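Visitor: Quick one: the structure is below, and I'll ask about it shortly.
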Amino acid sequence: MVGDLGQRSEANLGHNMTSGFIITNEGVVVIDAGGSIADAKAIHQAIKKVTSKPVKWVINTGGQDHRWIGNSYFNKLGVTIIASEACKADMIERKDFQFSMAKKY
């Protein structure tokens with residue numbers, strides 16, 4: 001999904017980056033979970049239009065909020081979240097600010 005080229009907003013659900021997914025024999029791999037729970041749900045709905053396979057993994061490619069705040073949506077579905085140590089450290093360092101910004105969408 002190609003996101004809005006502008007800033008994160010309520011209208012774009014915090015999705016102003018490109019996310020994607022890969023369908024494997026075992027299930028679906030999501031690349032970047034989105035900038036809000038609503039964004040993650042929209043990503044999941046787009047996946048369901050293409051395949052009935054379950055999402056099994058989410059890979060976060062960076063610590064920017066629009067890449068990982070949707071993790072909680074997928075986590076509730078039992079999906080395995082994957083991120084590098086550097087990515088996790090960045091998420092932890094900036095999470096308070098990022099969550100406060102994401103509340104508006």
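In the structure tokens, the first chain shown is A, the next is B, and so on; residue numbers restart at 1 for each chain, and ligands run from 1 in the order shown.
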Name all residues at most 12 Å from Met91 (chain A) (count only C-alpha atoms; drop same-chain ones fewer than 3 positions away) and give them as a PyMOL selection string.

Guide: chain A and resi 60-69+71+83-88+94-99

Visitor: Would you save the residues of that selection, restricted to N, CA and C atoms, as a PDB file, in the first residue's frame?

Guide:
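The file below, again-v9.pdb, is the result:
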```
ATOM      1  N   ASN A  60       9.042  -4.971  11.012  1.00  0.00           N
ATOM      2  CA  ASN A  60       9.186  -3.515  11.131  1.00  0.00           C
ATOM      3  C   ASN A  60      10.545  -3.129  10.563  1.00  0.00           C
ATOM      4  N   THR A  61      10.541  -2.259   9.562  1.00  0.00           N
ATOM      5  CA  THR A  61      11.791  -1.884   8.903  1.00  0.00           C
ATOM      6  C   THR A  61      12.461  -0.682   9.537  1.00  0.00           C
ATOM      7  N   GLY A  62      11.805  -0.043  10.495  1.00  0.00           N
ATOM      8  CA  GLY A  62      12.395   1.111  11.153  1.00  0.00           C
ATOM      9  C   GLY A  62      11.593   1.505  12.377  1.00  0.00           C
ATOM     10  N   GLY A  63      12.130   2.440  13.138  1.00  0.00           N
ATOM     11  CA  GLY A  63      11.508   2.881  14.373  1.00  0.00           C
ATOM     12  C   GLY A  63      10.572   4.060  14.212  1.00  0.00           C
ATOM     13  N   GLN A  64      10.321   4.486  12.980  1.00  0.00           N
ATOM     14  CA  GLN A  64       9.365   5.581  12.758  1.00  0.00           C
ATOM     15  C   GLN A  64       7.969   5.077  13.089  1.00  0.00           C
ATOM     16  N   ASP A  65       7.174   5.926  13.733  1.00  0.00           N
ATOM     17  CA  ASP A  65       5.861   5.505  14.220  1.00  0.00           C
ATOM     18  C   ASP A  65       4.965   4.918  13.135  1.00  0.00           C
ATOM     19  N   HIS A  66       5.028   5.435  11.930  1.00  0.00           N
ATOM     20  CA  HIS A  66       4.145   4.926  10.879  1.00  0.00           C
ATOM     21  C   HIS A  66       4.533   3.525  10.417  1.00  0.00           C
ATOM     22  N   ARG A  67       5.633   3.023  10.907  1.00  0.00           N
ATOM     23  CA  ARG A  67       6.065   1.665  10.558  1.00  0.00           C
ATOM     24  C   ARG A  67       5.687   0.622  11.604  1.00  0.00           C
ATOM     25  N   TRP A  68       5.363   1.064  12.852  1.00  0.00           N
ATOM     26  CA  TRP A  68       5.193   0.042  13.885  1.00  0.00           C
ATOM     27  C   TRP A  68       4.036   0.224  14.861  1.00  0.00           C
ATOM     28  N   ILE A  69       3.395   1.374  14.900  1.00  0.00           N
ATOM     29  CA  ILE A  69       2.335   1.539  15.910  1.00  0.00           C
ATOM     30  C   ILE A  69       1.177   0.574  15.664  1.00  0.00           C
ATOM     31  N   ASN A  71       1.478  -2.459  15.228  1.00  0.00           N
ATOM     32  CA  ASN A  71       1.870  -3.780  15.740  1.00  0.00           C
ATOM     33  C   ASN A  71       0.836  -4.356  16.697  1.00  0.00           C
ATOM     34  N   ALA A  83      11.700  -7.260  14.423  1.00  0.00           N
ATOM     35  CA  ALA A  83      12.395  -5.978  14.251  1.00  0.00           C
ATOM     36  C   ALA A  83      13.848  -6.164  14.673  1.00  0.00           C
ATOM     37  N   SER A  84      14.730  -5.414  14.037  1.00  0.00           N
ATOM     38  CA  SER A  84      16.140  -5.475  14.421  1.00  0.00           C
ATOM     39  C   SER A  84      16.330  -4.857  15.802  1.00  0.00           C
ATOM     40  N   GLU A  85      17.450  -5.116  16.417  1.00  0.00           N
ATOM     41  CA  GLU A  85      17.757  -4.523  17.719  1.00  0.00           C
ATOM     42  C   GLU A  85      17.813  -2.995  17.615  1.00  0.00           C
ATOM     43  N   ALA A  86      18.385  -2.485  16.535  1.00  0.00           N
ATOM     44  CA  ALA A  86      18.457  -1.031  16.346  1.00  0.00           C
ATOM     45  C   ALA A  86      17.060  -0.437  16.205  1.00  0.00           C
ATOM     46  N   CYS A  87      16.204  -1.121  15.495  1.00  0.00           N
ATOM     47  CA  CYS A  87      14.820  -0.673  15.325  1.00  0.00           C
ATOM     48  C   CYS A  87      14.110  -0.652  16.676  1.00  0.00           C
ATOM     49  N   LYS A  88      14.242  -1.716  17.450  1.00  0.00           N
ATOM     50  CA  LYS A  88      13.605  -1.783  18.773  1.00  0.00           C
ATOM     51  C   LYS A  88      14.106  -0.664  19.675  1.00  0.00           C
ATOM     52  N   ARG A  94      11.792   6.679  21.295  1.00  0.00           N
ATOM     53  CA  ARG A  94      10.858   7.707  20.840  1.00  0.00           C
ATOM     54  C   ARG A  94       9.387   7.381  21.074  1.00  0.00           C
ATOM     55  N   LYS A  95       9.088   6.276  21.749  1.00  0.00           N
ATOM     56  CA  LYS A  95       7.709   5.814  21.849  1.00  0.00           C
ATOM     57  C   LYS A  95       6.752   6.804  22.503  1.00  0.00           C
ATOM     58  N   ASP A  96       7.151   7.463  23.561  1.00  0.00           N
ATOM     59  CA  ASP A  96       6.236   8.392  24.231  1.00  0.00           C
ATOM     60  C   ASP A  96       5.804   9.509  23.292  1.00  0.00           C
ATOM     61  N   PHE A  97       6.755  10.099  22.601  1.00  0.00           N
ATOM     62  CA  PHE A  97       6.436  11.162  21.647  1.00  0.00           C
ATOM     63  C   PHE A  97       5.595  10.608  20.497  1.00  0.00           C
ATOM     64  N   GLN A  98       5.985   9.454  19.974  1.00  0.00           N
ATOM     65  CA  GLN A  98       5.272   8.894  18.829  1.00  0.00           C
ATOM     66  C   GLN A  98       3.837   8.517  19.184  1.00  0.00           C
ATOM     67  N   PHE A  99       3.614   7.942  20.360  1.00  0.00           N
ATOM     68  CA  PHE A  99       2.256   7.596  20.762  1.00  0.00           C
ATOM     69  C   PHE A  99       1.417   8.853  20.964  1.00  0.00           C
TER      70      PHE A  99
END
```

Visitor: Could you please determine the separation between CA of Val29 (chain A) and CA of His44 (chain A) in Å, to one decimal place?

Guide: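 So the two atoms, CA of Val29 (chain A) and CA of His44 (chain A), lie 10.9 Å apart.
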
Visitor: Check the DSSP output for the backbone and give back, as a compact mmCIF listing (two decimals) with C-alpha atoms, in the first residue's frame, the residues of region 10-103 of chain A in strand (DSSP E or B).

Guide:
```
# COMPACT_ATOMS: atom_id res chain seq x y z
CA THR A 18 4.75 2.40 1.73
CA GLY A 20 3.43 -4.22 1.74
CA PHE A 21 2.93 -7.90 2.19
CA ILE A 22 4.30 -11.18 0.91
CA ILE A 23 2.20 -14.30 0.58
CA VAL A 28 1.38 -13.67 5.02
CA VAL A 29 4.34 -11.47 5.94
CA VAL A 30 3.46 -7.79 6.46
CA ILE A 31 6.17 -5.22 5.86
CA VAL A 55 -0.95 -13.02 8.65
CA LYS A 56 1.86 -14.84 10.45
CA TRP A 57 4.62 -12.22 10.68
CA VAL A 58 5.08 -8.46 10.70
CA ILE A 59 8.51 -7.05 9.90
CA ASN A 60 9.19 -3.52 11.13
CA THR A 80 4.92 -12.65 15.38
CA ILE A 81 6.50 -9.18 15.27
CA ILE A 82 10.07 -8.98 13.92
CA ALA A 83 12.40 -5.98 14.25
```

Visitor: Counting only C-alpha atoms, figure out which residue out of A:Gly78, A:Gly34, A:Gly70, A:Gly27 gets nearest to Ser52 (chain A).

Guide: A:Gly27

Visitor: What is the CA of Ser19 (chain A)-CA of Ile43 (chain A) distance in Å, reported with one decimal?

Guide: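 Distance between the two atoms: 8.2 Å.
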
Visitor: Enter the distance from CA of Ala42 (chain A) to CA of Pro54 (chain A), in Å, rounded to one decimal.

Guide: 14.9 Å
